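Colleague: Take a look at the following structure, please.
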Amino acid sequence: MIEARGLTKTYGAKTAVYNLSFTVQPGLITGFVGPNGAGKSTTMRMILGLDEPSSGTVTVGGHPYRKLPNAPRQVGALLDAKAVHGGRSARNHLRCVAQLSGIPQRRVDEVLDVVGLREVAGRRSKGFSLGMGQRLGIAGALLGDPQILLFDEPVNGLDPEGILWIRNLMKKLASEGRTIFVSSHLMSEMALTADHLVVIGRGQLMADMSVRDFINTHSASFARVRVPDGEQGQRAKLTAALTEHGGQVQPEDDGALRVAGLPLPRISDLAHDAGVRLWELSPHEASLEEAYMRMTQGAVDFRSTVDQRSGLQQPAGPVPPQGYAAPAPGYAPPAAAPGAPPVQPGYAPAAPQGYAPPPPAPPHAPAGAAAPAPREGEAPR
Amino acid sequence: MAAPSAVLKSEWTKVRTVSSTMWTLAAALVLTAAVGALLSGVMNATYDDLSRAEQLTFDPTLVSFFGMMLGQLAMVVFGVLVVSTEYSSGMIRTSLAAVPQRAAFYVSKVVVATLLALVVGLLTSFVTFFVGQALLGDHSASITDDNVLRAVIGAGLYMTVITMFSMGVAAMLRSTVLSLGLLMAFFFLISSILAGVPATRDVARYLPDQAGSAVMQVVPGALDSDKLPYGPWGGFGIMCAWAAAALIGGYAVLKKRDA
Ligand SMILES: Nc1ncnc2c1ncn2[C@@H]1O[C@H](COP(=O)(O)OP(=O)(O)O)[C@@H](O)[C@H]1O
Ligand SMILES: [Mg+2]
């Protein structure tokens, strides 16, 4: 079992992980999901005692890793497939690791067989493909036959066959009662592999729930609503009316509105009462990947949206779509986010466990604002 | 954690399974012996051109170790690489996840590399001495002469301590390029420049390589050089203090910083 409590890590002015609390249970595959730069690798390094948390604690089996008796026999980790000396052969690399951990040498050939690298074991790892590197890293993690396994982005660089292989390997390991903590930036992959999800964005916990609950919560239906083109006033008016009656409204890229939390007939009635004509009112289902992207991008996008407006002096209106990966490098630490209100609507009710769905009507929602400003946590897409 | 012997064994496997170890250590031996042989031959041929004072303080043992100037650089590379490739490759994370007790990891690494450097250093010093003396002809020294054996063993120890110093520096800087850049420039240029300029000469005597090389001198004030303020072992002790300081600094960095 891995337990993180209030885990925070800052590198200089940069907050990589902020107040993260979660528990990883044995016998399950726990997927650790977040966009690039969300803080997954940093968290993994803190679990392994490589990086010292700025505050908070993380324990493995009740002990901080550095105090864990016989650590390498209890915990195996794949951190970075390239973290081997390229001049050493795969077998010699594993020999070094086995000796460091006090593991008998015959185990080296066993794990080479498990990951299918027996054939190339004598070759220098410099010439390995990324996929072979991942397999070598996984072999290293399996050496001590540990009860707890950490894999940081193990499917990176694997071909479909390799992905299937590692998915099945992890399932088998979990079925033996082991604790599996595996990170990925792809929700689709984790939805297929994991039993439980810990979702982070911008270093903060976004969700901690079973995959089933995540799907139920986030594959929610919504409506697309469109007012006549060029009628900004109508759009604002409708947004205000729907928000006031408990709808969650977000602008879409094409000027339409995405409305959740209100049935279609009710939306129609409210529009009618507000004197707004509709060009479109259609039902939709949000996909899991979409839910994840909205959730994590919300955190990521908040700041870059602000940047773009001030930098380019854009007039009010729908904010252009944000690239999925692009905002990651530049986002600010939570505390430093410009204009961040003390409470982060949507996710902030920082319940240590569980993702809190956005409150129906955020107290600070700008009733009747000229253009619906994207609320943080729910960026435009 | 694994038993200390297992960690030592692993560090030995690490050192032995990369080709840079073989290359740097072989280079140390060959450079030291070959350059020493060359200069011994030249000295023998030009002995009559030396000044009277130089002839009176002629130190054939020291002459045969002139190649140490270059050979030590190979030991520097060896010492740096042993430590810095852990960082450049990322292996350090695998290593420290396997051995969370950083002191055990560090001590094992230093001990293994030091022992290897000692073996190679002694081999080099004896080979270099005998080859050099053979080429010095009439002006050569014998291993049984007073203090000569001390100087020959001292040369091997000198190479060992240079390696230790380099490991400490690399552990502090954590970068191959930075460490090599600094140490190469220091040992090859800065140290000898400082020693050559009268204003800084007195200070330069306490630099690790300048102080340490006193142990290779058999004749005090060899080749009409200035008298040193310390004896052969005193100078070597100063060098050891430098190495100890670097290694302690390296440990402090390893202990404190994120891997
Ligand atoms: N050693 C470090 N020094 C400075 N910043 C770091 C360091 N490690 C990670 N970061 C920053 O912390 C953030 C989280 O990084 P990381 O944990 O690697 O994210 P992920 O693994 O989810 O992609 C990134 O913005 C990254 O730039
Ligand atoms: Mg990462």
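All residue names refer to the structure tokens as shown: chains lettered A, B, ... in order, residues numbered from 1 in each chain, ligands numbered from 1 in order.
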Please identify the strand (DSSP E) residues within range 219-281 of chain A (assignment by DSSP from backbone atoms) and present them as a PyMOL selection string.
Modeller: chain A and resi 221-226+248-251+257-260+280-281
Colleague: Just write the chosen residues, all heavy atoms, as a compact mmCIF listing (two decimals), in the first residue's frame.
Modeller:
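Written file, result04.txt:
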```
# COMPACT_ATOMS: atom_id res chain seq x y z
N SER A 221 -24.28 13.28 -19.97
CA SER A 221 -24.82 13.87 -21.19
C SER A 221 -24.88 15.39 -21.03
O SER A 221 -24.89 15.91 -19.93
CB SER A 221 -26.20 13.30 -21.47
OG SER A 221 -27.00 13.45 -20.33
N PHE A 222 -24.91 16.04 -22.16
CA PHE A 222 -25.02 17.50 -22.15
C PHE A 222 -25.76 17.93 -23.41
O PHE A 222 -26.01 17.11 -24.30
CB PHE A 222 -23.64 18.15 -22.08
CG PHE A 222 -22.76 17.89 -23.27
CD1 PHE A 222 -22.76 18.75 -24.36
CD2 PHE A 222 -21.94 16.76 -23.31
CE1 PHE A 222 -21.95 18.50 -25.45
CE2 PHE A 222 -21.14 16.50 -24.40
CZ PHE A 222 -21.14 17.38 -25.48
N ALA A 223 -26.09 19.18 -23.44
CA ALA A 223 -26.79 19.70 -24.61
C ALA A 223 -25.92 20.73 -25.30
O ALA A 223 -25.17 21.45 -24.65
CB ALA A 223 -28.10 20.34 -24.19
N ARG A 224 -26.04 20.73 -26.64
CA ARG A 224 -25.40 21.81 -27.39
C ARG A 224 -26.48 22.80 -27.77
O ARG A 224 -27.52 22.42 -28.32
CB ARG A 224 -24.76 21.25 -28.66
CG ARG A 224 -23.25 21.14 -28.58
CD ARG A 224 -22.72 20.48 -29.83
NE ARG A 224 -22.94 21.34 -31.01
CZ ARG A 224 -22.04 22.23 -31.44
NH1 ARG A 224 -20.90 22.37 -30.81
NH2 ARG A 224 -22.29 22.97 -32.50
N VAL A 225 -26.21 24.04 -27.43
CA VAL A 225 -27.20 25.08 -27.68
C VAL A 225 -26.54 26.17 -28.51
O VAL A 225 -25.41 26.53 -28.26
CB VAL A 225 -27.71 25.69 -26.35
CG1 VAL A 225 -28.79 26.71 -26.63
CG2 VAL A 225 -28.20 24.61 -25.42
N ARG A 226 -27.32 26.64 -29.51
CA ARG A 226 -26.74 27.64 -30.40
C ARG A 226 -27.73 28.76 -30.60
O ARG A 226 -28.90 28.51 -30.90
CB ARG A 226 -26.49 26.95 -31.74
CG ARG A 226 -25.34 27.41 -32.50
CD ARG A 226 -25.25 26.52 -33.74
NE ARG A 226 -24.59 27.27 -34.77
CZ ARG A 226 -23.27 27.49 -34.74
NH1 ARG A 226 -22.56 26.97 -33.79
NH2 ARG A 226 -22.72 28.21 -35.67
N GLN A 248 -24.68 24.22 -16.09
CA GLN A 248 -23.26 24.56 -16.24
C GLN A 248 -23.01 24.84 -17.71
O GLN A 248 -23.21 23.95 -18.54
CB GLN A 248 -22.37 23.41 -15.76
CG GLN A 248 -22.49 23.15 -14.26
CD GLN A 248 -22.82 21.71 -13.97
OE1 GLN A 248 -22.25 20.82 -14.57
NE2 GLN A 248 -23.76 21.49 -13.07
N VAL A 249 -22.61 26.03 -17.98
CA VAL A 249 -22.52 26.48 -19.36
C VAL A 249 -21.06 26.75 -19.73
O VAL A 249 -20.35 27.42 -19.00
CB VAL A 249 -23.34 27.77 -19.56
CG1 VAL A 249 -23.33 28.18 -21.03
CG2 VAL A 249 -24.76 27.57 -19.06
N GLN A 250 -20.66 26.17 -20.86
CA GLN A 250 -19.31 26.46 -21.35
C GLN A 250 -19.40 26.78 -22.82
O GLN A 250 -20.16 26.15 -23.54
CB GLN A 250 -18.40 25.24 -21.18
CG GLN A 250 -18.08 24.94 -19.75
CD GLN A 250 -17.85 23.47 -19.54
OE1 GLN A 250 -17.68 22.73 -20.50
NE2 GLN A 250 -17.89 23.05 -18.30
N PRO A 251 -18.62 27.75 -23.26
CA PRO A 251 -18.64 28.07 -24.69
C PRO A 251 -17.89 26.99 -25.47
O PRO A 251 -16.87 26.49 -25.02
CB PRO A 251 -17.91 29.41 -24.76
CG PRO A 251 -17.10 29.49 -23.52
CD PRO A 251 -17.73 28.62 -22.49
N LEU A 257 -22.97 26.76 -27.24
CA LEU A 257 -22.79 26.59 -25.80
C LEU A 257 -22.99 25.14 -25.45
O LEU A 257 -23.82 24.44 -26.05
CB LEU A 257 -23.82 27.44 -25.03
CG LEU A 257 -23.72 28.96 -25.20
CD1 LEU A 257 -24.91 29.64 -24.54
CD2 LEU A 257 -22.42 29.49 -24.63
N ARG A 258 -22.23 24.69 -24.48
CA ARG A 258 -22.39 23.33 -23.99
C ARG A 258 -23.04 23.45 -22.62
O ARG A 258 -22.51 24.08 -21.71
CB ARG A 258 -21.01 22.69 -23.89
CG ARG A 258 -20.98 21.40 -23.13
CD ARG A 258 -19.53 21.04 -22.83
NE ARG A 258 -18.90 20.42 -23.98
CZ ARG A 258 -18.57 19.12 -24.02
NH1 ARG A 258 -18.78 18.35 -23.00
NH2 ARG A 258 -18.01 18.62 -25.09
N VAL A 259 -24.17 22.83 -22.48
CA VAL A 259 -24.93 22.99 -21.24
C VAL A 259 -25.12 21.64 -20.58
O VAL A 259 -25.62 20.69 -21.19
CB VAL A 259 -26.32 23.61 -21.53
CG1 VAL A 259 -27.07 23.85 -20.22
CG2 VAL A 259 -26.17 24.91 -22.30
N ALA A 260 -24.70 21.56 -19.32
CA ALA A 260 -24.91 20.33 -18.56
C ALA A 260 -25.78 20.66 -17.36
O ALA A 260 -25.85 21.81 -16.91
CB ALA A 260 -23.57 19.76 -18.11
N GLU A 280 -30.02 25.88 -32.52
CA GLU A 280 -29.72 24.47 -32.29
C GLU A 280 -29.94 24.12 -30.83
O GLU A 280 -29.64 24.92 -29.94
CB GLU A 280 -28.25 24.15 -32.64
CG GLU A 280 -27.90 22.68 -32.46
CD GLU A 280 -26.40 22.40 -32.58
OE1 GLU A 280 -25.67 23.23 -33.15
OE2 GLU A 280 -25.96 21.35 -32.08
N LEU A 281 -30.51 22.92 -30.61
CA LEU A 281 -30.62 22.38 -29.26
C LEU A 281 -30.56 20.87 -29.42
O LEU A 281 -31.52 20.24 -29.85
CB LEU A 281 -31.95 22.81 -28.62
CG LEU A 281 -32.23 22.26 -27.22
CD1 LEU A 281 -31.16 22.68 -26.24
CD2 LEU A 281 -33.60 22.72 -26.72
```
Colleague: Show me which residues are within 8 Å of ligand 2 counting only C-alpha atoms and all ligand atoms, and format the list as a list in words.
Modeller: Asn36, Gly37, Ala38, Gly39, Lys40, Ser41, Thr42, Asp152 and Glu153 of chain A
Colleague: Please check the contacts: residues of chain A at most 10 Å away from chain B, using only C-alpha atoms, listed as a compact mmCIF listing (two decimals) with C-alpha atoms, in the first residue's frame.
Modeller:
```
# COMPACT_ATOMS: atom_id res chain seq x y z
CA ARG A 45 10.39 9.94 -7.36
CA MET A 46 9.10 11.07 -3.99
CA ILE A 47 7.54 7.67 -3.37
CA LEU A 48 10.96 6.12 -4.00
CA GLY A 49 12.75 8.52 -1.69
CA LEU A 50 14.73 9.98 -4.58
CA ASP A 51 13.28 13.45 -4.20
CA GLU A 52 12.54 14.85 -0.78
CA PRO A 53 9.00 16.28 -0.48
CA TYR A 65 10.93 4.52 1.41
CA ARG A 66 14.37 5.34 2.75
CA LYS A 67 13.48 3.63 6.04
CA LEU A 68 11.76 0.68 4.42
CA PRO A 69 13.49 -2.55 5.39
CA ASN A 70 14.70 -4.48 2.36
CA ALA A 71 13.27 -1.84 0.03
CA PRO A 72 14.31 -3.29 -3.35
CA ARG A 73 12.68 -6.63 -2.51
CA VAL A 75 9.21 -2.26 -4.31
CA GLY A 76 10.15 -2.44 -7.97
CA ALA A 77 10.10 0.58 -10.21
CA LEU A 78 10.39 1.54 -13.83
CA LEU A 79 11.09 5.26 -13.86
CA ASP A 80 12.77 6.05 -17.12
CA ALA A 81 13.51 3.55 -19.84
CA LYS A 82 16.64 5.45 -20.79
CA ALA A 83 18.04 5.34 -17.25
CA VAL A 84 20.66 2.74 -18.02
CA HIS A 85 24.31 3.11 -18.90
CA GLY A 86 24.23 2.64 -22.67
CA GLY A 87 27.63 0.98 -22.74
CA ARG A 88 26.50 -1.91 -20.60
CA SER A 89 24.68 -4.94 -21.97
CA ASN A 92 25.08 -6.75 -17.16
CA HIS A 93 22.76 -3.89 -16.32
CA ARG A 95 23.27 -7.98 -12.90
CA CYS A 96 24.31 -4.69 -11.34
CA VAL A 97 20.79 -3.96 -10.16
CA ALA A 98 20.34 -7.49 -8.83
CA GLN A 99 23.59 -7.29 -6.89
CA LEU A 100 22.69 -3.90 -5.49
CA SER A 101 19.47 -5.40 -4.21
CA GLY A 102 21.00 -8.67 -3.03
CA ILE A 103 19.08 -10.73 -5.55
CA ARG A 124 24.74 -2.94 -25.36
CA GLY A 137 13.24 -1.23 -17.27
CA GLY A 140 14.61 -4.37 -13.57
CA ALA A 141 11.42 -3.63 -11.68
CA GLY A 144 13.09 -8.53 -6.64
```
Colleague: Just to confirm, what's the straight-line distance from CA of Glu3 in chain A to CA of Val58 in chain A in Å (one decimal)?
Modeller: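 Atom-to-atom, CA of Glu3 in chain A to CA of Val58 in chain A, that is 5.5 Å.
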Colleague: I'd like the interatomic distance between CA of Met75 in chain B and CA of Gly168 in chain B, to a tenth of an Å.
Modeller: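 Going from CA of Met75 in chain B over to CA of Gly168 in chain B covers 13.2 Å.
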Colleague: Would you mind writing down, as a PyMOL selection string, each residue of range 142-230 of chain B that DSSP on the backbone assigns to helix (DSSP H, G or I)?
Modeller: chain B and resi 148-173+176-196+198-204+208-216+222-224
Colleague: Which residues of range 62-116 of chain B come within 10 Å of range 216-224 of chain B, and what is each one's closest atom pair and distance in Å (one decimal), counting only C-alpha atoms, sorted by chain and residue number, as CSV?
Modeller:
```
residue,atom,partner,partner_atom,distance
B:Leu62,CA,B:Gln217,CA,5.4
B:Val63,CA,B:Gln217,CA,9.0
B:Ser64,CA,B:Met216,CA,9.8
B:Phe65,CA,B:Met216,CA,7.6
B:Phe66,CA,B:Met216,CA,9.9
```
Colleague: Just checking: using only C-alpha atoms, which residue out of A:Leu264, A:Gln105, A:Ser287, A:Asp145 ends up closest to Thr217 in chain A?
Modeller: A:Ser287
Colleague: Give me, as a list in words, all polymer residues having an atom no more than 8 Å from Val115 in chain A, counting only C-alpha atoms and skipping those fewer than 5 positions away in the same chain.
Modeller: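 Final neighbour list, sorted by chain and number: Arg135, Leu136, Ile138 and Ala139 of chain A.
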Colleague: Using the selection just defined, write its residues with N, CA and C atoms as a compact mmCIF listing (two decimals), in the first residue's frame.
Modeller:
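Written out: part_12.txt:
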```
# COMPACT_ATOMS: atom_id res chain seq x y z
N ARG A 135 11.12 -2.48 -21.88
CA ARG A 135 11.12 -3.88 -21.42
C ARG A 135 12.27 -4.12 -20.45
N LEU A 136 13.41 -3.53 -20.75
CA LEU A 136 14.55 -3.70 -19.85
C LEU A 136 14.24 -3.07 -18.49
N ILE A 138 11.30 -2.67 -17.18
CA ILE A 138 10.31 -3.51 -16.51
C ILE A 138 10.99 -4.74 -15.92
N ALA A 139 11.95 -5.29 -16.66
CA ALA A 139 12.70 -6.43 -16.13
C ALA A 139 13.38 -6.05 -14.81
```
Colleague: Choose the residue, out of B:Thr46, B:Thr61, B:Ser166, B:Thr24, that has the smallest atom-to-atom separation from Ser142 in chain B; count only C-alpha atoms.
Modeller: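 Selected residue with least distance to Ser142 in chain B: B:Thr61.
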Colleague: If we count only C-alpha atoms, what is near Leu254 in chain B at a cut-off of 10 Å, once residues fewer than 6 positions away on the same chain are taken out, given as a PDB file with N, CA and C atoms, in the first residue's frame?
Modeller:
```pdb
ATOM      1  N   ARG B 102      22.111   6.107   1.144  1.00  0.00           N
ATOM      2  CA  ARG B 102      23.034   6.707   0.181  1.00  0.00           C
ATOM      3  C   ARG B 102      24.486   6.574   0.597  1.00  0.00           C
ATOM      4  N   ALA B 103      24.724   6.565   1.904  1.00  0.00           N
ATOM      5  CA  ALA B 103      26.108   6.428   2.366  1.00  0.00           C
ATOM      6  C   ALA B 103      26.685   5.093   1.898  1.00  0.00           C
ATOM      7  N   TYR B 106      27.486   5.257  -1.795  1.00  0.00           N
ATOM      8  CA  TYR B 106      28.613   6.142  -2.091  1.00  0.00           C
ATOM      9  C   TYR B 106      29.935   5.511  -1.660  1.00  0.00           C
ATOM     10  N   ALA B 171      31.106  14.037  -7.810  1.00  0.00           N
ATOM     11  CA  ALA B 171      29.910  13.851  -6.986  1.00  0.00           C
ATOM     12  C   ALA B 171      29.322  15.194  -6.594  1.00  0.00           C
ATOM     13  N   MET B 172      30.175  16.201  -6.470  1.00  0.00           N
ATOM     14  CA  MET B 172      29.661  17.527  -6.154  1.00  0.00           C
ATOM     15  C   MET B 172      29.027  18.179  -7.375  1.00  0.00           C
ATOM     16  N   ARG B 174      28.137  16.595 -10.403  1.00  0.00           N
ATOM     17  CA  ARG B 174      27.163  15.700 -11.030  1.00  0.00           C
ATOM     18  C   ARG B 174      27.121  15.789 -12.542  1.00  0.00           C
ATOM     19  N   ILE B 248      34.056  14.274   0.961  1.00  0.00           N
ATOM     20  CA  ILE B 248      33.039  14.648   1.949  1.00  0.00           C
ATOM     21  C   ILE B 248      32.030  15.611   1.314  1.00  0.00           C
TER      22      ILE B 248
END
```
